[in-house]
Amino acid sequence: MVPRAIHFSKSNMTTLKIIKKHHKHLNNPFPSNPRSLPLVRGTLFLNSQKLPSHQIYGIGKDFQLTWRSKNGGSLSISHQSQPARPIWSTIPGQAFLSAALAETEVEESRGSFVIKDRDVHLVCHHQTIEEIKVINQHDYSEEAKDLDFLSLYMGLDQKTEPKCTQFPALLITGKIFSVKKKKKVQISSSNDNSPLVENEHSTSARYWIWFDQKTNNQIGFQVRIGKTNFKFRRSVSPGTYRGFARKFGRTRRGRVGWFGFFPRRKGFVTLSSQEEEKVVMKAAEFRNFNRICLTYSSEKNERFYGFGEQFSHMDFKGKKVPIFVQEQGIGRGDQPITFAANLVSYRAGGDWSTTYAPSPFYMTSKMRSLYLEGYNYSVFDLTKHDRVQIQIHGDSVEGRILHGNSPSELIEHFTETIGRPPELPEWIISGAVVGMQGGTNAVRQVWDELQTYNVPVSAFWLQDWVGQRETAIGSQLWWNWEVDTTRYWGWQQLTKDLSAQHIKVMTYCNPCLAPMDEKPNTRRNLLEEAKKLDIVVKDKNGEPYMVPNTAFDVGMLDLTNPHTASWYKQILQEMVADGVRGWMADFGEGLPVDACLYSGEDPLSAHNRYPELWARINREFVEEWRSTRTGKEREDPEEDLVFFMRAGFRDSPKWAMLFWEGDQMVSWQTNDGIKSAVVGLLSGGMSGYALNHSDIGGYCAVKLPFFKYLRSEELLLRWMELNAFTTIFRTHEGNKPSCNSQFYSNHKTLSHFARFAKVYKAWKFYRIQLVKEASQKGLPVCRHLFLHYPEDEHVQSLTYEQFLVGSEILVVPVLDKGKKDVKAYFPVGETCAWKHIWTGKFYTTKGSEVWIEAPIGYPAIFVKEGSVTGETFLNNLREYNLL
């Protein structure tokens with residue numbers, strides 16, 4: 001795979017400070033929230049000589065932009081089919097574009113990252129609009145010669161049309177500026193011809209905003225900002241963090257100079273050199289902005305959904321949402337585990353916003369939707385009731401605004417562009433995926449037990465196929481992707497024997513390689529091979545970057561190097577040649593932000609792209625392997641490959657086949673326990689991650705003198721009930737198998753596992769249909785009720801309480817310890833009654849909450865009255881003697 005050329009602005013690289021805290025073992029257990037720019041406010045000024053008082057401009061054939069000079073001037077975009085319903089609009093009289101020059105500080109510790117805005121040297125928060133220009137197709141090539149934006153900033157070939165553009169397009173030009181001293185100038189506000197009082201020596205820069213239609217439901221936007229005339233009058237100490245003023249939009253008398261709108265607080269924090277294990281400072285070049293802020297209107301009661309796979313919230317109104325791939329953390333705010341995790345490893349606990357798979361995309365309860373293109377770090381500021389402000393690290397930004405009449409339409413339109421998963425091979429959604437460890441003898445023993453209980457099994461997922469070792473955090477694998485023939489003697493025979501019973505073998509790999517000096521019976525040392533081939537990520541000295549990751553250091557593959565893919569695919573080929581038909585493609589979220597990559601690109605942006613590249617390599621191998629099969633083997637879908645991932649970014653659904661939600665705690669808690677698994681499933685589903693699931697029982701157990709989180713039998717049983725209604729029904733022993741209750745622990749756990757593997761199998765016919773729908777439309781298998789009942793305000797407020805499978809099955813899981821009943825809500829807008837599958841009772845009152853008995857083994861599940869899907873599901877349950 002040869003990476004496409006990507007050009008990054010130098011401004012992203014100029015003011016970056018990186019602090020490594022991998023080995024700091026005594027930390028603040030309650031770390032402060034990372035500093036970011038406060039919400040930027042400014043005034044909009046108009047050129048009344050060039051701008052009409054009111055004008056409607058066509059964008060392509062399906063969109064229009066309306067300009068109004070009333071109340072200081074505003075823009076709104078709508079679809080031609082609904083011209084009165086804006087899908088994006090600015091706030092009258094207020095700047096919708098601003099920019100800043102700020103220093104960035106990144107604190108990094110074992111896959112966790114905190115990005116902070118440090119010294120802010122300049123904010124240009126006021127804006128002028130000088131011209132709104134229509135660009136037609138027939139005169140595009142001629143006009144492009146005279147348009148600085150097109151020829152210098154967009155980088156477009158003047159002989160060809162912009163990619164996907166449907167003319168006419170719009171170009172908005174003007175300036176952004178800051179104020180120092182007062183002077184009368186001739187730019188007027190609105191229709192008032194009175195002069196504007198402006199800074200005599202204001203810092204300013206030109207901007208260009210380009211709107212063009214991309215599809216019949218998407219309008220693209222690009223923003224470029226030119227060089228500023230800004231000059232420093234004093235230096236800034238790189239070791240200090242100055243606070244930001246809460247209200248810096250107001251000009252303060254007596255404040256002059258470059259720091260005018262960021263008054264220094266009396267107190268400031270100096271980072272001690274002892275904390276700075278490693279500091280990287282880029283040489284500063286202060287001609288380009290490195291922050292762009294886009295501000296536009298919102299409504300007080302507007303709810304915001306999406307932003308990728310999020311684990312704590314469904315609605316993000318009132319929050320600042322950072323978009324950066326990283327470890328989700330241990331606890332994520334649940335106490336006391338977050339306290340303990342942060343204490344022993346810097347910020348290891350994470351918080352409500354940390355996630356493996358974010359996406360710069362949202363949709364709202366008002367059917368508005370937007371996403372950013374590119375990979376720069378961004379923060380969506382939704383803290384004010386009347387506006388949205390997106391802060392992007394960079395000197396340019398591209399994105400798209402979506403039109404749709406329903407949440408399902410918006411998802412379909414979004415995934416039409418970013419990509420959708422392929423249909424899964426039927427074998428992996430036919431029965432349980434049994435995750436276990438222990439070697440050949442252990443697998444055969446458990447297989448015998450499962451046959452005794454008549455469990456429908458699709459696959460054995462054997463993550464320890466490479467061998468296992470004990471580390472400080474529990475049982476971990478040898479990261480060297482070849483079978484450990486001591487642990488799994490007769491490996492090829494094991495895969496053949498299982499395959500003869502239509503059971504596949506699945507394994508584990510990731511893009512990191514560990515030193516193998518201490519491991520016996522190693523045939524290949526993949527880390528040393530990768531070093532010799534020069535395909536590992538480098539440090540600033542050009543040496544292989546040994547990255548601290550979990551309990552040991554690893555070399556990371558440089559996925560921007562075209563030679564990496566072919567080498568790694570050979571490893572996958574050897575694995576598959578032994579009979580393996582699937583694997584977990586783990587990690588992908590930990591690329592250091594000071595890495596040196598083959599492509600030469602900015603590692604801070606490449607960090608978000610890395611999991612997409614990781615997914616792409618695995619997917620390309622799957623497609624290439626399929627293309628090499630011949631005869632009956634090629635026609636047999638039972639032999640198709642599948643892999644699943646946890647890390648991702650916006651376009652990951654295009655490349656990954658399947659996702660899982662990472663390492664939840666073995667707990668009942670909200671931010672990182674069983675409840676968070678439901679939230680991640682539903683938020684991810686709104687963001688294109690259509691095929692997803694979690695580890696049954698969770699993963700992360702803790703056994704310390706004062707902190708114990710061990711998987712209880714009750715939690716395991718309830719998680720089985722939950723996952724029986726997700727895309728994949730897969731177990732995991734967790735990081736401390738001997739401390740956790742397991743599906744094979746006793747008769748009760750085995751019986752319950754068998755029961756819900758059959759429940760899972762009973763709706764396989766519907767699952768096949770939903771997987772196909774995910775592939776064709778991007779709609780998730782598991783759905784928040786908002787997707788089908790968007791007008792119901794109670795539905796809009798739901799988080800983990802209940803969800804839909806497709807549109808025909810309603811699931812109300814038990815997610816609290818000791819509970820034997822749940823509160824089910826039946827949404828407004830449904831014409832059918834809901835039938836309780838265990839009792840046959842019908843619930844007809846819409847907009848009502850009802851307590852439903854849900855003892856272990858009988859979770860609250862409902863199907864629609866008269867639904868063919870529902871009746872088929874019930875008939876299958878009867879056939880399996882479950883009703």
# chains A, B, ... in the order shown; residues from 1 in each chain; ligands from 1

call {"tool": "select_by_dssp", "arguments": {"residues": "range 465-589 of chain A", "states": "alpha helix (DSSP H)", "output": "short mmCIF file (atom, residue, chain, number, x, y, z; two decimals) with all heavy atoms, in the first residue's frame"}}
result
data_model
loop_
_atom_site.label_atom_id
_atom_site.label_comp_id
_atom_site.auth_asym_id
_atom_site.auth_seq_id
_atom_site.Cartn_x
_atom_site.Cartn_y
_atom_site.Cartn_z
N TRP A 491 -1.00 -27.50 16.76
CA TRP A 491 -1.83 -26.35 16.40
C TRP A 491 -2.63 -26.59 15.11
O TRP A 491 -3.84 -26.36 15.08
CB TRP A 491 -0.92 -25.13 16.25
CG TRP A 491 -1.56 -23.87 15.74
CD1 TRP A 491 -1.34 -23.26 14.55
CD2 TRP A 491 -2.49 -23.03 16.45
NE1 TRP A 491 -2.07 -22.11 14.44
CE2 TRP A 491 -2.79 -21.93 15.60
CE3 TRP A 491 -3.10 -23.10 17.69
CZ2 TRP A 491 -3.67 -20.91 15.96
CZ3 TRP A 491 -3.99 -22.07 18.06
CH2 TRP A 491 -4.27 -21.01 17.21
N GLN A 492 -1.99 -27.06 14.08
CA GLN A 492 -2.69 -27.27 12.81
C GLN A 492 -3.76 -28.35 12.94
O GLN A 492 -4.84 -28.24 12.34
CB GLN A 492 -1.69 -27.62 11.71
CG GLN A 492 -0.77 -26.47 11.35
CD GLN A 492 0.20 -26.84 10.24
OE1 GLN A 492 0.32 -28.01 9.85
NE2 GLN A 492 0.92 -25.86 9.71
N GLN A 493 -3.48 -29.37 13.72
CA GLN A 493 -4.47 -30.43 13.91
C GLN A 493 -5.67 -29.90 14.70
O GLN A 493 -6.82 -30.27 14.42
CB GLN A 493 -3.85 -31.61 14.66
CG GLN A 493 -4.75 -32.85 14.72
CD GLN A 493 -5.08 -33.38 13.33
OE1 GLN A 493 -4.20 -33.55 12.49
NE2 GLN A 493 -6.36 -33.63 13.08
N LEU A 494 -5.41 -29.01 15.67
CA LEU A 494 -6.50 -28.43 16.44
C LEU A 494 -7.43 -27.63 15.54
O LEU A 494 -8.66 -27.75 15.64
CB LEU A 494 -5.93 -27.54 17.56
CG LEU A 494 -6.96 -26.80 18.42
CD1 LEU A 494 -7.82 -27.78 19.21
CD2 LEU A 494 -6.26 -25.82 19.36
N THR A 495 -6.86 -26.81 14.66
CA THR A 495 -7.70 -26.02 13.76
C THR A 495 -8.49 -26.91 12.80
O THR A 495 -9.64 -26.63 12.49
CB THR A 495 -6.85 -25.01 12.97
OG1 THR A 495 -5.92 -25.71 12.14
CG2 THR A 495 -6.11 -24.06 13.90
N LYS A 496 -7.86 -28.02 12.37
CA LYS A 496 -8.56 -28.94 11.47
C LYS A 496 -9.71 -29.65 12.18
O LYS A 496 -10.80 -29.81 11.63
CB LYS A 496 -7.58 -29.97 10.91
CG LYS A 496 -6.61 -29.42 9.88
CD LYS A 496 -5.66 -30.50 9.39
CE LYS A 496 -4.66 -29.96 8.37
NZ LYS A 496 -3.71 -31.01 7.91
N ASP A 497 -9.47 -30.09 13.41
CA ASP A 497 -10.51 -30.80 14.15
C ASP A 497 -11.70 -29.89 14.44
O ASP A 497 -12.86 -30.32 14.33
CB ASP A 497 -9.93 -31.33 15.46
CG ASP A 497 -8.94 -32.46 15.25
OD1 ASP A 497 -8.87 -32.99 14.12
OD2 ASP A 497 -8.21 -32.80 16.21
N LEU A 498 -11.44 -28.66 14.80
CA LEU A 498 -12.53 -27.73 15.05
C LEU A 498 -13.26 -27.39 13.75
O LEU A 498 -14.50 -27.32 13.71
CB LEU A 498 -11.99 -26.46 15.70
CG LEU A 498 -11.55 -26.60 17.17
CD1 LEU A 498 -10.74 -25.40 17.61
CD2 LEU A 498 -12.77 -26.78 18.07
N SER A 499 -12.50 -27.20 12.68
CA SER A 499 -13.11 -26.87 11.39
C SER A 499 -14.03 -27.99 10.90
O SER A 499 -15.06 -27.73 10.27
CB SER A 499 -12.02 -26.60 10.35
OG SER A 499 -12.57 -26.28 9.11
N ALA A 500 -13.67 -29.22 11.21
CA ALA A 500 -14.51 -30.36 10.81
C ALA A 500 -15.88 -30.29 11.46
O ALA A 500 -16.85 -30.86 10.93
CB ALA A 500 -13.82 -31.66 11.18
N LEU A 526 10.27 -10.98 15.30
CA LEU A 526 9.68 -10.05 14.35
C LEU A 526 10.14 -8.61 14.58
O LEU A 526 10.26 -7.84 13.62
CB LEU A 526 8.15 -10.14 14.41
CG LEU A 526 7.56 -11.50 14.01
CD1 LEU A 526 6.05 -11.46 14.04
CD2 LEU A 526 8.04 -11.92 12.63
N LEU A 527 10.38 -8.24 15.82
CA LEU A 527 10.86 -6.89 16.08
C LEU A 527 12.22 -6.68 15.40
O LEU A 527 12.45 -5.64 14.76
CB LEU A 527 10.98 -6.64 17.59
CG LEU A 527 11.57 -5.29 17.98
CD1 LEU A 527 10.76 -4.14 17.42
CD2 LEU A 527 11.67 -5.17 19.51
N GLU A 528 13.11 -7.64 15.53
CA GLU A 528 14.42 -7.49 14.90
C GLU A 528 14.31 -7.50 13.39
O GLU A 528 15.02 -6.77 12.70
CB GLU A 528 15.36 -8.61 15.39
CG GLU A 528 15.73 -8.51 16.86
CD GLU A 528 16.33 -7.17 17.22
OE1 GLU A 528 17.20 -6.69 16.46
OE2 GLU A 528 15.91 -6.58 18.24
N GLU A 529 13.39 -8.31 12.84
CA GLU A 529 13.18 -8.30 11.40
C GLU A 529 12.71 -6.92 10.94
O GLU A 529 13.18 -6.39 9.93
CB GLU A 529 12.13 -9.35 11.01
CG GLU A 529 12.61 -10.79 11.08
CD GLU A 529 11.56 -11.74 10.54
OE1 GLU A 529 10.74 -11.32 9.69
OE2 GLU A 529 11.53 -12.91 10.98
N ALA A 530 11.75 -6.35 11.68
CA ALA A 530 11.21 -5.05 11.30
C ALA A 530 12.26 -3.95 11.39
O ALA A 530 12.31 -3.04 10.55
CB ALA A 530 10.01 -4.71 12.19
N LYS A 531 13.13 -4.05 12.39
CA LYS A 531 14.20 -3.07 12.50
C LYS A 531 15.15 -3.14 11.30
O LYS A 531 15.54 -2.11 10.74
CB LYS A 531 14.98 -3.30 13.79
CG LYS A 531 14.26 -2.87 15.07
CD LYS A 531 15.13 -3.17 16.29
CE LYS A 531 14.47 -2.72 17.58
NZ LYS A 531 15.30 -3.03 18.77
N LYS A 532 15.49 -4.36 10.90
CA LYS A 532 16.40 -4.52 9.77
C LYS A 532 15.78 -4.01 8.47
O LYS A 532 16.46 -3.48 7.60
CB LYS A 532 16.80 -5.98 9.63
CG LYS A 532 17.72 -6.48 10.74
CD LYS A 532 18.07 -7.95 10.58
CE LYS A 532 18.97 -8.43 11.71
NZ LYS A 532 19.28 -9.89 11.59
N LEU A 533 14.47 -4.17 8.36
CA LEU A 533 13.77 -3.69 7.17
C LEU A 533 13.48 -2.20 7.24
O LEU A 533 12.97 -1.62 6.27
CB LEU A 533 12.46 -4.46 6.99
CG LEU A 533 12.59 -5.93 6.60
CD1 LEU A 533 11.24 -6.63 6.70
CD2 LEU A 533 13.16 -6.06 5.20
N PRO A 562 5.46 2.16 2.73
CA PRO A 562 4.80 1.21 1.82
C PRO A 562 5.29 -0.22 1.97
O PRO A 562 4.61 -1.16 1.57
CB PRO A 562 5.09 1.77 0.44
CG PRO A 562 6.27 2.66 0.62
CD PRO A 562 6.18 3.21 2.00
N HIS A 563 6.48 -0.43 2.52
CA HIS A 563 7.01 -1.78 2.69
C HIS A 563 6.41 -2.50 3.90
O HIS A 563 6.50 -3.73 3.99
CB HIS A 563 8.53 -1.73 2.81
CG HIS A 563 9.21 -1.11 1.63
ND1 HIS A 563 9.17 -1.67 0.38
CD2 HIS A 563 9.92 0.03 1.51
CE1 HIS A 563 9.85 -0.91 -0.47
NE2 HIS A 563 10.31 0.13 0.20
N THR A 564 5.83 -1.73 4.83
CA THR A 564 5.28 -2.34 6.04
C THR A 564 4.12 -3.26 5.72
O THR A 564 4.03 -4.37 6.26
CB THR A 564 4.82 -1.24 7.02
OG1 THR A 564 5.92 -0.37 7.30
CG2 THR A 564 4.32 -1.85 8.32
N ALA A 565 3.23 -2.82 4.86
CA ALA A 565 2.02 -3.59 4.58
C ALA A 565 2.36 -4.96 4.00
O ALA A 565 1.81 -5.99 4.43
CB ALA A 565 1.12 -2.82 3.63
N SER A 566 3.26 -5.01 3.02
CA SER A 566 3.57 -6.29 2.39
C SER A 566 4.23 -7.24 3.39
O SER A 566 3.94 -8.44 3.38
CB SER A 566 4.48 -6.07 1.18
OG SER A 566 5.67 -5.39 1.56
N TRP A 567 5.10 -6.71 4.26
CA TRP A 567 5.74 -7.57 5.27
C TRP A 567 4.71 -8.10 6.26
O TRP A 567 4.71 -9.29 6.58
CB TRP A 567 6.81 -6.76 6.00
CG TRP A 567 7.54 -7.53 7.07
CD1 TRP A 567 8.54 -8.45 6.90
CD2 TRP A 567 7.30 -7.45 8.49
NE1 TRP A 567 8.95 -8.94 8.12
CE2 TRP A 567 8.21 -8.34 9.11
CE3 TRP A 567 6.43 -6.71 9.28
CZ2 TRP A 567 8.25 -8.51 10.50
CZ3 TRP A 567 6.48 -6.87 10.66
CH2 TRP A 567 7.38 -7.76 11.25
N TYR A 568 3.81 -7.24 6.70
CA TYR A 568 2.84 -7.67 7.70
C TYR A 568 1.83 -8.65 7.11
O TYR A 568 1.39 -9.59 7.77
CB TYR A 568 2.12 -6.48 8.32
CG TYR A 568 1.56 -6.81 9.68
CD1 TYR A 568 2.33 -6.67 10.82
CD2 TYR A 568 0.26 -7.31 9.83
CE1 TYR A 568 1.84 -7.00 12.06
CE2 TYR A 568 -0.23 -7.64 11.07
CZ TYR A 568 0.57 -7.48 12.19
OH TYR A 568 0.08 -7.82 13.41
N LYS A 569 1.48 -8.45 5.87
CA LYS A 569 0.54 -9.37 5.23
C LYS A 569 1.12 -10.78 5.11
O LYS A 569 0.38 -11.76 5.15
CB LYS A 569 0.14 -8.84 3.85
CG LYS A 569 -0.76 -7.60 3.91
CD LYS A 569 -0.97 -7.02 2.52
CE LYS A 569 -1.70 -5.70 2.58
NZ LYS A 569 -1.86 -5.07 1.23
N GLN A 570 2.43 -10.88 4.97
CA GLN A 570 3.06 -12.21 4.95
C GLN A 570 2.89 -12.91 6.29
O GLN A 570 2.68 -14.13 6.35
CB GLN A 570 4.54 -12.07 4.61
CG GLN A 570 4.82 -11.64 3.18
CD GLN A 570 6.30 -11.39 2.94
OE1 GLN A 570 7.13 -11.59 3.82
NE2 GLN A 570 6.64 -10.96 1.73
N ILE A 571 2.95 -12.15 7.38
CA ILE A 571 2.72 -12.72 8.71
C ILE A 571 1.29 -13.22 8.83
O ILE A 571 1.03 -14.33 9.33
CB ILE A 571 3.04 -11.67 9.80
CG1 ILE A 571 4.53 -11.33 9.77
CG2 ILE A 571 2.62 -12.16 11.18
CD1 ILE A 571 4.89 -10.15 10.65
N LEU A 572 0.34 -12.41 8.37
CA LEU A 572 -1.07 -12.83 8.40
C LEU A 572 -1.28 -14.06 7.52
O LEU A 572 -2.05 -14.96 7.87
CB LEU A 572 -1.97 -11.68 7.95
CG LEU A 572 -2.02 -10.43 8.85
CD1 LEU A 572 -2.89 -9.35 8.22
CD2 LEU A 572 -2.54 -10.78 10.24
N GLN A 573 -0.59 -14.10 6.40
CA GLN A 573 -0.73 -15.25 5.49
C GLN A 573 -0.27 -16.53 6.16
O GLN A 573 -0.93 -17.57 6.04
CB GLN A 573 0.07 -15.00 4.21
CG GLN A 573 0.10 -16.15 3.24
CD GLN A 573 -1.29 -16.54 2.76
OE1 GLN A 573 -2.09 -15.67 2.41
NE2 GLN A 573 -1.59 -17.84 2.76
N GLU A 574 0.84 -16.48 6.89
CA GLU A 574 1.31 -17.66 7.60
C GLU A 574 0.30 -18.10 8.66
O GLU A 574 0.08 -19.30 8.87
CB GLU A 574 2.67 -17.37 8.23
CG GLU A 574 3.78 -17.18 7.22
CD GLU A 574 5.10 -16.81 7.87
OE1 GLU A 574 5.21 -16.92 9.12
OE2 GLU A 574 6.04 -16.41 7.14
N MET A 575 -0.30 -17.14 9.33
CA MET A 575 -1.30 -17.45 10.34
C MET A 575 -2.53 -18.13 9.71
O MET A 575 -3.01 -19.15 10.19
CB MET A 575 -1.72 -16.16 11.05
CG MET A 575 -2.73 -16.32 12.16
SD MET A 575 -3.10 -14.72 12.95
CE MET A 575 -4.06 -13.90 11.66
N VAL A 576 -3.01 -17.56 8.62
CA VAL A 576 -4.19 -18.10 7.95
C VAL A 576 -3.90 -19.46 7.31
O VAL A 576 -4.76 -20.34 7.26
CB VAL A 576 -4.70 -17.08 6.90
CG1 VAL A 576 -5.77 -17.70 6.01
CG2 VAL A 576 -5.24 -15.84 7.60
N ALA A 577 -2.68 -19.66 6.84
CA ALA A 577 -2.31 -20.94 6.23
C ALA A 577 -2.42 -22.10 7.21
O ALA A 577 -2.62 -23.26 6.81
CB ALA A 577 -0.88 -20.86 5.68
#

call {"tool": "residues_around", "arguments": {"residues": "range 438-453 of chain A", "least_positions_apart": "5", "cutoff": "7 Å", "atoms": "only C-alpha atoms", "output": "PyMOL selection string"}}
result
chain A and resi 487-489+751+754

call {"tool": "write_last_selection", "arguments": {"atoms": "N, CA, C and O atoms", "output": "compact mmCIF listing (two decimals), in the first residue's frame"}}
result
# COMPACT_ATOMS: atom_id res chain seq x y z
N ARG A 487 2.79 -24.19 24.03
CA ARG A 487 1.47 -23.97 24.63
C ARG A 487 0.38 -24.61 23.76
O ARG A 487 -0.56 -25.22 24.27
N TYR A 488 0.52 -24.43 22.46
CA TYR A 488 -0.47 -25.00 21.53
C TYR A 488 0.21 -26.04 20.65
O TYR A 488 0.44 -25.84 19.45
N TRP A 489 0.50 -27.18 21.28
CA TRP A 489 1.06 -28.29 20.51
C TRP A 489 -0.02 -28.81 19.56
O TRP A 489 -1.21 -28.75 19.86
N SER A 751 -24.74 -23.35 31.98
CA SER A 751 -26.14 -23.45 31.56
C SER A 751 -26.64 -22.11 31.03
O SER A 751 -27.34 -22.04 30.02
N ALA A 754 -25.09 -21.40 27.65
CA ALA A 754 -25.77 -22.20 26.62
C ALA A 754 -27.13 -21.59 26.27
O ALA A 754 -27.50 -21.50 25.09

call {"tool": "closest_residue", "arguments": {"among": "A:Leu815, A:Leu613, A:Val795, A:Ala774", "to": "Glu416 in chain A", "atoms": "only C-alpha atoms"}}
result
A:Ala774

call {"tool": "residues_around", "arguments": {"residues": "Trp583 in chain A", "least_positions_apart": "3", "cutoff": "6 Å", "atoms": "only C-alpha atoms", "output": "CSV table (one decimal) with N, CA and C atoms, in the first residue's frame"}}
result
chain,number,residue,atom,x,y,z
A,506,MET,N,-9.9,-18.3,15.9
A,506,MET,CA,-9.5,-16.9,15.8
A,506,MET,C,-8.3,-16.6,16.7
A,507,THR,N,-7.5,-15.7,16.3
A,507,THR,CA,-6.3,-15.4,17.1
A,507,THR,C,-6.3,-13.9,17.4
A,508,TYR,N,-5.0,-13.4,17.6
A,508,TYR,CA,-4.8,-12.0,18.1
A,508,TYR,C,-3.5,-11.5,17.5
A,643,PHE,N,-11.8,-9.8,10.8
A,643,PHE,CA,-11.0,-9.3,11.9
A,643,PHE,C,-11.8,-8.2,12.6

call {"tool": "residues_around", "arguments": {"residues": "Gly680 in chain A", "least_positions_apart": "4", "cutoff": "8 Å", "atoms": "only C-alpha atoms", "output": "tab-separated table (two decimals) with N, CA and C atoms, in the first residue's frame"}}
result
chain	number	residue	atom	x	y	z
A	309	GLU	N	-17.35	6.63	19.07
A	309	GLU	CA	-17.72	5.70	20.14
A	309	GLU	C	-17.42	6.38	21.48
A	310	GLN	N	-18.46	6.88	22.11
A	310	GLN	CA	-18.34	7.56	23.40
A	310	GLN	C	-18.98	6.68	24.47
A	311	PHE	N	-18.44	6.71	25.68
A	311	PHE	CA	-18.84	5.73	26.69
A	311	PHE	C	-19.63	6.29	27.87
A	312	SER	N	-19.65	7.59	28.04
A	312	SER	CA	-20.30	8.15	29.23
A	312	SER	C	-21.60	8.90	28.94
A	661	GLU	N	-15.57	-2.93	21.82
A	661	GLU	CA	-15.51	-1.67	22.56
A	661	GLU	C	-14.31	-1.54	23.49
A	676	SER	N	-21.46	1.50	30.47
A	676	SER	CA	-20.71	2.20	29.42
A	676	SER	C	-20.65	1.38	28.13
A	684	GLY	N	-21.55	4.87	19.13
A	684	GLY	CA	-20.80	4.44	17.96
A	684	GLY	C	-21.70	4.13	16.79

call {"tool": "residues_around", "arguments": {"residues": "Asp117 in chain A", "least_positions_apart": "4", "cutoff": "8 Å", "atoms": "only C-alpha atoms", "output": "PyMOL selection string"}}
result
chain A and resi 34-37+102-105

call {"tool": "residues_around", "arguments": {"residues": "His126 in chain A", "least_positions_apart": "4", "cutoff": "9 Å", "atoms": "only C-alpha atoms", "output": "PyMOL selection string"}}
result
chain A and resi 41-45+94-98+175-179

call {"tool": "write_last_selection", "arguments": {"atoms": "C-alpha atoms", "output": "PDB file, in the first residue's frame"}}
result
ATOM      1  CA  ARG A  41     -16.449  35.857  20.571  1.00  0.00           C
ATOM      2  CA  GLY A  42     -16.159  38.667  18.061  1.00  0.00           C
ATOM      3  CA  THR A  43     -18.112  41.122  15.936  1.00  0.00           C
ATOM      4  CA  LEU A  44     -19.008  40.786  12.278  1.00  0.00           C
ATOM      5  CA  PHE A  45     -18.470  43.835  10.046  1.00  0.00           C
ATOM      6  CA  GLN A  94     -21.235  37.988  15.352  1.00  0.00           C
ATOM      7  CA  ALA A  95     -18.072  36.639  13.790  1.00  0.00           C
ATOM      8  CA  PHE A  96     -18.353  33.053  12.605  1.00  0.00           C
ATOM      9  CA  LEU A  97     -14.647  32.717  11.821  1.00  0.00           C
ATOM     10  CA  SER A  98     -11.777  33.536  14.158  1.00  0.00           C
ATOM     11  CA  LYS A 175     -10.428  39.613   7.005  1.00  0.00           C
ATOM     12  CA  ILE A 176     -10.137  38.575  10.602  1.00  0.00           C
ATOM     13  CA  PHE A 177      -8.488  41.034  12.965  1.00  0.00           C
ATOM     14  CA  SER A 178      -7.763  42.082  16.522  1.00  0.00           C
ATOM     15  CA  VAL A 179      -7.982  45.569  18.005  1.00  0.00           C
TER      16      VAL A 179
END

call {"tool": "atom_distance", "arguments": {"atom1": "CA of Ser204 in chain A", "atom2": "CA of Arg118 in chain A"}}
result
21.8 Å

call {"tool": "select_by_dssp", "arguments": {"residues": "range 554-679 of chain A", "states": "strand (DSSP E or B)", "output": "JSON, numbers by chain"}}
result
{"A": [554, 555, 556, 557, 580, 581, 582, 583, 584, 585, 596, 642, 643, 644, 645, 659, 665]}

call {"tool": "closest_residue", "arguments": {"among": "A:Val537, A:Ile728, A:Leu382, A:Met363", "to": "Phe316 in chain A", "atoms": "only C-alpha atoms"}}
result
A:Leu382

call {"tool": "atom_distance", "arguments": {"atom1": "CA of Ile674 in chain A", "atom2": "CA of Lys317 in chain A"}}
result
23.6 Å

call {"tool": "closest_atom_pairs", "arguments": {"of": "range 600-715 of chain A", "to": "range 321-333 of chain A", "cutoff": "9 Å", "atoms": "only C-alpha atoms", "output": "Markdown table"}}
result
| residue | atom | partner | partner_atom | distance |
| --- | --- | --- | --- | --- |
| A:His607 | CA | A:Val325 | CA | 7.3 |
| A:Asn608 | CA | A:Val325 | CA | 5.7 |
| A:Arg609 | CA | A:Val325 | CA | 9.0 |
| A:Pro611 | CA | A:Val325 | CA | 8.4 |
| A:Ala647 | CA | A:Val325 | CA | 7.3 |
| A:Gly648 | CA | A:Val325 | CA | 7.2 |
| A:Phe649 | CA | A:Val325 | CA | 7.2 |
| A:Gly662 | CA | A:Gln328 | CA | 8.1 |
| A:Asp663 | CA | A:Gln328 | CA | 8.0 |
| A:Gln664 | CA | A:Ile330 | CA | 7.8 |
| A:Met665 | CA | A:Gly331 | CA | 7.0 |
| A:Gln669 | CA | A:Gly331 | CA | 8.6 |
| A:Thr670 | CA | A:Gly333 | CA | 8.9 |
| A:Asn671 | CA | A:Arg332 | CA | 5.7 |
| A:Asp672 | CA | A:Gly331 | CA | 5.2 |
| A:Gly673 | CA | A:Gly331 | CA | 8.0 |
| A:Cys700 | CA | A:Ile330 | CA | 7.8 |

call {"tool": "decode", "arguments": {"residues": "range 650-656 of chain A", "atoms": "C-alpha atoms", "output": "CSV table (one decimal), in the first residue's frame"}}
result
chain,number,residue,atom,x,y,z
A,650,ARG,CA,-13.9,8.9,11.2
A,651,ASP,CA,-13.2,6.6,8.1
A,652,SER,CA,-12.5,3.4,10.0
A,653,PRO,CA,-15.9,1.9,9.1
A,654,LYS,CA,-14.7,1.8,5.5
A,655,TRP,CA,-11.8,-0.4,6.3
A,656,ALA,CA,-12.6,-2.4,9.5
